[in-house]
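Below is one structure, written out as structure tokens; the observations come after it.
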Amino acid sequence: MRIDFYCPRWGSEHIRWPVFAQRVKTDGFAGVEVFPLGDMDRNEDMVDTLTDMGLSYILLHAELEEGPNFSRYLDALERNLYALLSYQHATAKPRFIVSQTGREYYTRAQMEACFALCDRISQESSIPIIQETHRNKWSYAAHVVKDYLKAFPRLELALDLSHWVCVSESYLEDQQEAVDLAIRHTKHIHARVGHPQGPQVTDPRTPENQEALNHHLAWWDRWIDQLKQLDYPCATITPEFGPYPYMAYIPQTTQPVADQYELNCWMKQLLTERYVVKMNESLP
């Protein structure tokens, strides 16, 4: 099984696409994960640049401004998903779309309408749309997603367990059934390490953050083992340590406590050694 690692554009939006794409390729990523609607003018050459570099891409959808008015939100969701579909051409299209859909206070009926809209646009475009587990969305907590997955068994997830750790103020020790069900529905991983008081540790390489890292590695191990049992051809992972305010600043400065891009490269290397290298060593 191959594992393709994607680099988040998040935190590097100020870097021109040709420079950023070359950096990503040099550092061994298969492509990028990007929310291009955040600054459409800067992303006009995105698809051409990535295609020329031999890189693929995952598109991210996020929408909050219309949240309190559901009718307006549903219109915005449709408008934004169609706008994302414009980021393709005859020789390049997104691998899939990761959607941060809805709000945590939407009703089951409202979320069903959101899922139906995502399904319709996915079928029209032949581009999968999967749901990210994320705070302030329908998928903000393990127990909530468990109930939704039972009601909507066709849902596929971009699993980011750092959010659930933060929301529950625990490492989900008492919610293993919910975590196991989510892993079975997972198509893509956001490999960020959270802790019970926040969605991102300061630096996963340090001794004080090893407990948090080990919990996340154990969850990701289970997902990889599941895919291997299914003879899945290729897994996708985005190391997703973020910039400020996810990345803390040193007090009274704007200096981050760690280098975001360096952390994402470190996580890619750690998971490559943990999964890819070990899989290759086990081959006859």
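Each chain of the structure tokens is named A, B, ... in the order shown, its residues numbered from 1; ligands are numbered from 1 in display order.
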- Message: Considering only strand (DSSP E) as DSSP defines it on the backbone, what residues of region 86-283 of chain A qualify? List them as a PyMOL selection string.
- Response: chain A and resi 97-100+129-132+157-159+186-190+234-238
- Task: Please identify which residues in region 125-283 of chain A DSSP calls helix (DSSP H, G or I) from the backbone, and express them as an NGL selection string.
- Result: :A and (125 or 142-151 or 161-168 or 176-184 or 207-229 or 260-282)
- Message: Excluding Glu156 (chain A) and its own-chain neighbours fewer than 4 positions away, which residues fall within 8 Å of it when counting only C-alpha atoms? Please give them as a PyMOL selection string.
- Response: chain A and resi 130-131+185-187
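Using only C-alpha atoms, the contacts of region 79-84 of chain A at a cut-off of 9 Å, with sequence neighbours closer than 2 positions omitted, comprise Phe35, Pro36, Leu37, Leu59, Leu60, His61, Ala62, Glu63, Leu74, Asp75, Ala76, Leu77, Ser86, Tyr87, Gln88, Ile97, Ser99, Cys118 and Ile121 of chain A.
Comparing A:Gln226, A:Asn43, A:Ser125, A:Thr133 by their smallest distance to Ile15 (chain A), the closest is A:Asn43 (using only C-alpha atoms).
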- Message: If we count only C-alpha atoms and set the cut-off at 10 Å, which residues sit around His215 (chain A), ignoring sequence neighbours fewer than 3 positions away in its own chain? Please answer as number ranges by chain.
- Response: A: 161, 165, 171-173, 193-195, 210-212, 218-221
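Going from CA of Leu263 (chain A) over to CA of Ala92 (chain A), you cover 28.8 Å.
When only C-alpha atoms are used to measure the gap to Pro8 (chain A), the shortest distance among A:Arg222, A:His134, A:Arg192, A:His216 belongs to A:Arg192.
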